[in-house]
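Next comes entry.csv, a file with CSV, C-alpha atoms.
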chain,number,residue,atom,x,y,z
A,1,HIS,CA,-21.1,-14.1,-8.1
A,2,ARG,CA,-20.9,-10.3,-8.0
A,3,GLN,CA,-21.8,-9.0,-4.6
A,4,LYS,CA,-23.9,-6.0,-3.8
A,5,LEU,CA,-22.4,-3.9,-1.1
A,6,GLY,CA,-24.0,-0.6,-0.1
A,7,ARG,CA,-24.5,1.3,-3.3
A,8,GLY,CA,-24.3,-1.3,-6.1
A,9,VAL,CA,-22.5,-4.2,-7.7
A,10,ILE,CA,-18.8,-4.6,-6.9
A,11,LYS,CA,-16.7,-5.6,-9.9
A,12,ALA,CA,-13.2,-4.9,-8.4
A,13,VAL,CA,-11.5,-5.3,-5.0
A,14,ILE,CA,-8.5,-3.1,-4.5
A,15,PHE,CA,-6.0,-3.7,-1.8
A,16,ASP,CA,-3.5,-1.5,0.0
A,17,CYS,CA,-0.1,-3.2,0.5
A,18,PHE,CA,1.6,-2.2,3.8
A,19,GLY,CA,-0.5,-3.1,6.8
A,20,VAL,CA,-3.0,-5.2,4.7
A,21,LEU,CA,-1.2,-7.5,2.3
A,22,VAL,CA,2.1,-7.3,4.3
A,23,GLU,CA,3.2,-6.2,7.7
A,24,ASN,CA,4.0,-2.4,7.9
A,25,SER,CA,7.7,-2.3,8.9
A,26,PHE,CA,7.8,1.5,8.6
A,27,ASP,CA,5.3,2.0,11.5
A,28,ILE,CA,7.1,-0.7,13.6
A,29,PHE,CA,10.4,1.1,12.9
A,30,ILE,CA,9.3,4.5,13.9
A,31,GLU,CA,7.7,3.2,17.1
A,32,LYS,CA,10.8,1.2,18.0
A,33,TYR,CA,13.5,3.7,17.1
A,34,LEU,CA,12.1,7.2,17.2
A,35,ASP,CA,10.9,9.4,20.0
A,36,ASP,CA,7.8,11.5,19.5
A,37,SER,CA,9.7,14.6,18.5
A,38,LYS,CA,11.2,12.8,15.4
A,39,LYS,CA,8.2,10.8,14.2
A,40,GLU,CA,6.6,13.6,12.3
A,41,GLU,CA,9.8,14.3,10.3
A,42,ALA,CA,10.1,10.6,9.5
A,43,ARG,CA,6.4,10.5,8.4
A,44,GLU,CA,6.9,13.6,6.2
A,45,ALA,CA,10.0,12.1,4.5
A,46,ASP,CA,8.1,8.8,3.9
A,47,HIS,CA,5.2,10.8,2.5
A,48,LEU,CA,7.5,12.7,0.1
A,49,SER,CA,9.2,9.5,-1.0
A,50,THR,CA,5.8,7.9,-1.8
A,51,GLN,CA,5.0,10.9,-3.9
A,52,GLY,CA,8.3,10.5,-5.8
A,53,VAL,CA,9.7,13.8,-4.4
A,54,LEU,CA,12.4,12.0,-2.4
A,55,THR,CA,14.0,8.8,-3.5
A,56,TRP,CA,13.9,5.7,-1.3
A,57,GLU,CA,17.6,6.2,-0.6
A,58,GLN,CA,17.0,9.8,0.5
A,59,ASN,CA,14.2,8.6,2.8
A,60,ILE,CA,16.6,6.0,4.3
A,61,ASP,CA,19.1,8.8,4.9
A,62,VAL,CA,16.5,10.8,6.8
A,63,LEU,CA,15.5,7.8,8.9
A,64,SER,CA,19.2,7.0,9.6
A,65,ARG,CA,19.9,10.5,10.8
A,66,LEU,CA,16.8,10.5,13.0
A,67,SER,CA,17.4,7.1,14.5
A,68,GLY,CA,21.2,7.2,14.8
A,69,LEU,CA,21.2,3.8,13.0
A,70,THR,CA,23.4,3.1,9.9
A,71,HIS,CA,21.9,3.3,6.5
A,72,GLU,CA,22.3,-0.5,6.2
A,73,ARG,CA,20.6,-1.2,9.5
A,74,VAL,CA,17.6,1.0,8.6
A,75,ASN,CA,17.3,-0.8,5.3
A,76,LYS,CA,17.4,-4.2,7.1
A,77,GLU,CA,14.7,-3.1,9.6
A,78,LEU,CA,12.4,-1.9,6.8
A,79,ASP,CA,12.9,-5.1,4.7
A,80,ARG,CA,10.9,-7.0,7.3
A,81,ASN,CA,7.5,-7.2,5.7
A,82,PRO,CA,6.1,-10.7,6.0
A,83,ALA,CA,3.1,-11.3,3.8
A,84,ASN,CA,-0.4,-12.0,5.1
A,85,ARG,CA,-0.6,-15.5,3.7
A,86,GLU,CA,-4.2,-16.0,4.9
A,87,LEU,CA,-5.4,-13.0,3.0
A,88,ILE,CA,-3.4,-13.9,-0.2
A,89,ASP,CA,-4.9,-17.3,-0.1
A,90,PHE,CA,-8.4,-15.8,0.3
A,91,ILE,CA,-7.8,-13.5,-2.7
A,92,ARG,CA,-6.6,-16.5,-4.7
A,93,THR,CA,-9.5,-18.9,-3.9
A,94,GLU,CA,-12.5,-16.6,-3.1
A,95,LEU,CA,-12.0,-13.3,-4.8
A,96,LYS,CA,-9.9,-13.7,-8.0
A,97,PRO,CA,-12.4,-16.1,-9.7
A,98,HIS,CA,-15.2,-13.4,-9.4
A,99,TYR,CA,-13.6,-9.9,-9.2
A,100,LYS,CA,-10.9,-7.9,-10.8
A,101,ILE,CA,-8.1,-7.5,-8.2
A,102,GLY,CA,-6.2,-4.2,-7.8
A,103,PHE,CA,-3.1,-3.2,-5.8
A,104,LEU,CA,-2.8,0.4,-4.7
A,105,SER,CA,0.0,1.4,-2.5
A,106,ASN,CA,1.7,4.6,-1.2
A,107,ALA,CA,5.1,3.2,-2.2
A,108,ALA,CA,8.5,4.9,-2.7
A,109,ASP,CA,9.8,2.1,-4.9
A,110,ASP,CA,8.7,-1.1,-6.6
A,111,TRP,CA,9.2,-3.9,-4.2
A,112,MET,CA,6.6,-6.3,-5.6
A,113,GLU,CA,9.1,-9.1,-6.4
A,114,ASP,CA,10.7,-8.7,-2.9
A,115,LEU,CA,7.4,-9.0,-1.2
A,116,PHE,CA,5.5,-11.6,-3.3
A,117,SER,CA,6.1,-14.6,-5.5
A,118,ILE,CA,5.5,-14.3,-9.2
A,119,GLU,CA,2.3,-16.3,-8.8
A,120,GLU,CA,1.1,-14.0,-6.0
A,121,ILE,CA,1.8,-10.9,-8.2
A,122,SER,CA,-0.2,-12.5,-11.0
A,123,LEU,CA,-3.3,-12.4,-8.7
A,124,PHE,CA,-3.4,-8.6,-9.3
A,125,ASP,CA,-5.0,-7.4,-12.5
A,126,ASP,CA,-3.3,-4.0,-12.1
A,127,VAL,CA,-0.8,-2.4,-9.7
A,128,VAL,CA,-0.7,1.3,-8.9
A,129,LEU,CA,2.4,2.5,-7.0
A,130,SER,CA,2.1,6.1,-5.8
A,131,TYR,CA,5.7,7.2,-6.6
A,132,GLN,CA,5.2,6.3,-10.3
A,133,HIS,CA,2.3,8.7,-10.6
A,134,LYS,CA,3.5,11.5,-8.4
A,135,MET,CA,0.4,11.3,-6.2
A,136,ASN,CA,-0.7,9.2,-3.2
A,137,LYS,CA,-3.5,8.2,-1.1
A,138,PRO,CA,-5.8,9.7,0.1
A,139,SER,CA,-6.0,11.9,-3.0
A,140,GLN,CA,-9.2,11.2,-5.0
A,141,GLU,CA,-7.2,11.1,-8.2
A,142,ILE,CA,-5.2,8.1,-7.4
A,143,PHE,CA,-8.4,6.1,-6.6
A,144,GLU,CA,-9.9,7.2,-9.9
A,145,LEU,CA,-6.7,6.1,-11.7
A,146,ALA,CA,-6.8,2.7,-10.0
A,147,ALA,CA,-10.4,2.1,-11.1
A,148,ALA,CA,-9.8,3.3,-14.7
A,149,ARG,CA,-6.7,1.0,-15.0
A,150,LEU,CA,-9.0,-1.9,-14.0
A,151,GLY,CA,-11.6,-0.8,-16.5
A,152,VAL,CA,-14.3,-0.2,-13.9
A,153,GLU,CA,-16.1,2.8,-12.4
A,154,THR,CA,-15.1,3.9,-9.0
A,155,HIS,CA,-18.6,3.0,-7.6
A,156,GLU,CA,-17.9,-0.6,-8.7
A,157,CYS,CA,-14.8,-0.8,-6.4
A,158,LEU,CA,-14.3,-1.9,-2.9
A,159,PHE,CA,-11.0,-0.6,-1.4
A,160,ILE,CA,-9.4,-2.2,1.6
A,161,ASP,CA,-6.8,-0.3,3.7
A,162,ASP,CA,-5.6,-0.2,7.3
A,163,VAL,CA,-5.7,3.7,7.4
A,164,GLU,CA,-9.0,5.4,7.8
A,165,ARG,CA,-8.0,8.6,6.0
A,166,CYS,CA,-7.1,6.5,2.9
A,167,CYS,CA,-10.5,4.9,3.1
A,168,GLU,CA,-12.1,8.3,3.3
A,169,GLY,CA,-10.1,9.3,0.2
A,170,ALA,CA,-11.5,6.2,-1.6
A,171,ARG,CA,-15.1,7.1,-0.5
A,172,SER,CA,-14.6,10.6,-1.8
A,173,ALA,CA,-13.8,9.1,-5.2
A,174,GLY,CA,-17.0,7.1,-5.1
A,175,MET,CA,-15.6,3.7,-3.9
A,176,GLN,CA,-16.8,1.7,-1.0
A,177,ALA,CA,-14.0,1.2,1.6
A,178,ILE,CA,-13.2,-1.0,4.5

Let me see the file written as structure tokens.
Amino acid sequence: HRQKLGRGVIKAVIFDCFGVLVENSFDIFIEKYLDDSKKEEAREADHLSTQGVLTWEQNIDVLSRLSGLTHERVNKELDRNPANRELIDFIRTELKPHYKIGFLSNAADDWMEDLFSIEEISLFDDVVLSYQHKMNKPSQEIFELAAARLGVETHECLFIDDVERCCEGARSAGMQAI
């Protein structure tokens, strides 16, 4: 059942988390609570936390300062990440029986058990969270790491993300990307 897409046989499908497998509450938060002059600082703090440079709590502190909301309120707003049930069901029924399934996220902490059930987590053959490796998408190295941990070559992977620059990073590593 392996599919040929573009340049060869796909053996693994790797998914981004926020904006693909779950709703991206960070983007919703900055659109709702920050004016344009503060959005770049918020994105930079988030980027540093996904690299493991800032802790998640430090990132929340920055967002609290920028928005004027309490630390608790910012946390509550960012905890709203409903899962894409239709996609998870598709992974379970259509992809998992035929492909290795990867999870690659620019994440500042490990929220897997907060976002997904144990059964849903078990759908993933491997999970790469950027903060644990001190690198994040779109760096070519994180895509190479994700493929290696799945035991496949990068050209045997299809990567799915909601951000084009991350797809470009995957392509630079030799993956196909949507």

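Here the residues that fall within 9 Å of (3.1, 4.4, -3.9), using all atoms listed in the file, are given as Ser49, Thr50, Gln51, Gly52, Leu104, Ser105, Asn106, Ala107, Ala108, Asp109, Asp110, Val128, Leu129, Ser130, Tyr131, Gln132, His133, Lys134, Met135, Asn136 and Lys137 of chain A.
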
- Spatial neighbours of Ala45 of chain A, 10 Å, all atoms listed in the file, chain gap at least 2 places, as number ranges by chain: A: 39-43, 47-51, 53-56, 58-63

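The space between atom CA of Ile178 of chain A and atom CA of Ile160 of chain A spans 4.9 Å.
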
- Task: Show which residues sit within 12 Å of Asp89 of chain A, as a PyMOL selection string. Count all atoms listed in the file, and ignore same-chain residues fewer than 5 positions away.
- Result: chain A and resi 21+83-84+94-96+119-120+123

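Distances here use only C-alpha atoms; by that measure, the residue among A:Phe124, A:Phe159, A:Phe26, A:Phe18 closest to Gly102 of chain A is A:Phe124.
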
- Message: Under the rule that all atoms listed in the file are counted, which of A:Thr154, A:Leu87, A:Ala12, A:Ala177 is the nearest residue to Ile142 of chain A?
- Response: A:Thr154

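The residue that comes closest to Lys76 of chain A, out of A:Ser25, A:Ser172, A:Ser122, A:Gln140 and on the basis of only C-alpha atoms, is A:Ser25.
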
- Item | Polymer residues at most 12 Å from (-16.5, 1.8, -0.2) by only C-alpha atoms, as JSON, numbers by chain | {"A": [4, 5, 6, 7, 8, 9, 10, 12, 13, 14, 15, 143, 154, 155, 156, 157, 158, 159, 160, 161, 164, 166, 167, 168, 169, 170, 171, 172, 173, 174, 175, 176, 177, 178]}

- Non-local contacts of Gly68 of chain A (10 Å; only C-alpha atoms; under 6 positions in same chain excluded) as a ChimeraX atom specification: /A:33-34,62,74

- Message: Can you tell me which residues surround Asp125 of chain A at a distance of at most 9 Å, considering only C-alpha atoms, apart from same-chain residues fewer than 2 positions away, and format the answer as a count of residues only?
- Response: 10

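Straight-line separation from atom CA of Leu69 of chain A to atom CA of Met112 of chain A: 25.7 Å.
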
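The two atoms in question, atom CA of Val163 of chain A and atom CA of Gly151 of chain A, are spaced 25.0 Å apart.
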
Taking N, CA and C atoms as the atom set, what does segment 149-161 of chain A look like once completed, written as a PDB file, in the frame of the given file?
ATOM      1  N   ARG A 149      -7.695   2.021 -14.550  1.00  0.00           N
ATOM      2  CA  ARG A 149      -6.700   1.000 -15.000  1.00  0.00           C
ATOM      3  C   ARG A 149      -7.301  -0.392 -14.949  1.00  0.00           C
ATOM      4  N   LEU A 150      -8.279  -0.599 -14.052  1.00  0.00           N
ATOM      5  CA  LEU A 150      -9.000  -1.900 -14.000  1.00  0.00           C
ATOM      6  C   LEU A 150     -10.132  -1.986 -14.931  1.00  0.00           C
ATOM      7  N   GLY A 151     -10.493  -0.850 -15.561  1.00  0.00           N
ATOM      8  CA  GLY A 151     -11.600  -0.800 -16.500  1.00  0.00           C
ATOM      9  C   GLY A 151     -12.963  -0.837 -15.853  1.00  0.00           C
ATOM     10  N   VAL A 152     -13.040  -0.274 -14.645  1.00  0.00           N
ATOM     11  CA  VAL A 152     -14.300  -0.200 -13.900  1.00  0.00           C
ATOM     12  C   VAL A 152     -14.537   1.228 -13.433  1.00  0.00           C
ATOM     13  N   GLU A 153     -15.766   1.513 -13.051  1.00  0.00           N
ATOM     14  CA  GLU A 153     -16.100   2.800 -12.400  1.00  0.00           C
ATOM     15  C   GLU A 153     -15.737   2.756 -10.961  1.00  0.00           C
ATOM     16  N   THR A 154     -15.481   3.907 -10.374  1.00  0.00           N
ATOM     17  CA  THR A 154     -15.100   3.900  -9.000  1.00  0.00           C
ATOM     18  C   THR A 154     -16.213   3.333  -8.081  1.00  0.00           C
ATOM     19  N   HIS A 155     -17.477   3.563  -8.445  1.00  0.00           N
ATOM     20  CA  HIS A 155     -18.600   3.000  -7.600  1.00  0.00           C
ATOM     21  C   HIS A 155     -18.678   1.504  -7.703  1.00  0.00           C
ATOM     22  N   GLU A 156     -17.909   0.893  -8.586  1.00  0.00           N
ATOM     23  CA  GLU A 156     -17.900  -0.600  -8.700  1.00  0.00           C
ATOM     24  C   GLU A 156     -16.714  -1.191  -7.980  1.00  0.00           C
ATOM     25  N   CYS A 157     -16.033  -0.381  -7.154  1.00  0.00           N
ATOM     26  CA  CYS A 157     -14.800  -0.800  -6.400  1.00  0.00           C
ATOM     27  C   CYS A 157     -15.037  -0.869  -4.936  1.00  0.00           C
ATOM     28  N   LEU A 158     -14.423  -1.861  -4.329  1.00  0.00           N
ATOM     29  CA  LEU A 158     -14.300  -1.900  -2.900  1.00  0.00           C
ATOM     30  C   LEU A 158     -12.799  -1.798  -2.593  1.00  0.00           C
ATOM     31  N   PHE A 159     -12.436  -0.846  -1.747  1.00  0.00           N
ATOM     32  CA  PHE A 159     -11.000  -0.600  -1.400  1.00  0.00           C
ATOM     33  C   PHE A 159     -10.810  -1.017   0.042  1.00  0.00           C
ATOM     34  N   ILE A 160      -9.699  -1.697   0.288  1.00  0.00           N
ATOM     35  CA  ILE A 160      -9.400  -2.200   1.600  1.00  0.00           C
ATOM     36  C   ILE A 160      -8.028  -1.635   2.049  1.00  0.00           C
ATOM     37  N   ASP A 161      -8.019  -0.949   3.197  1.00  0.00           N
ATOM     38  CA  ASP A 161      -6.800  -0.300   3.700  1.00  0.00           C
ATOM     39  C   ASP A 161      -6.829  -0.391   5.236  1.00  0.00           C
TER      40      ASP A 161
END
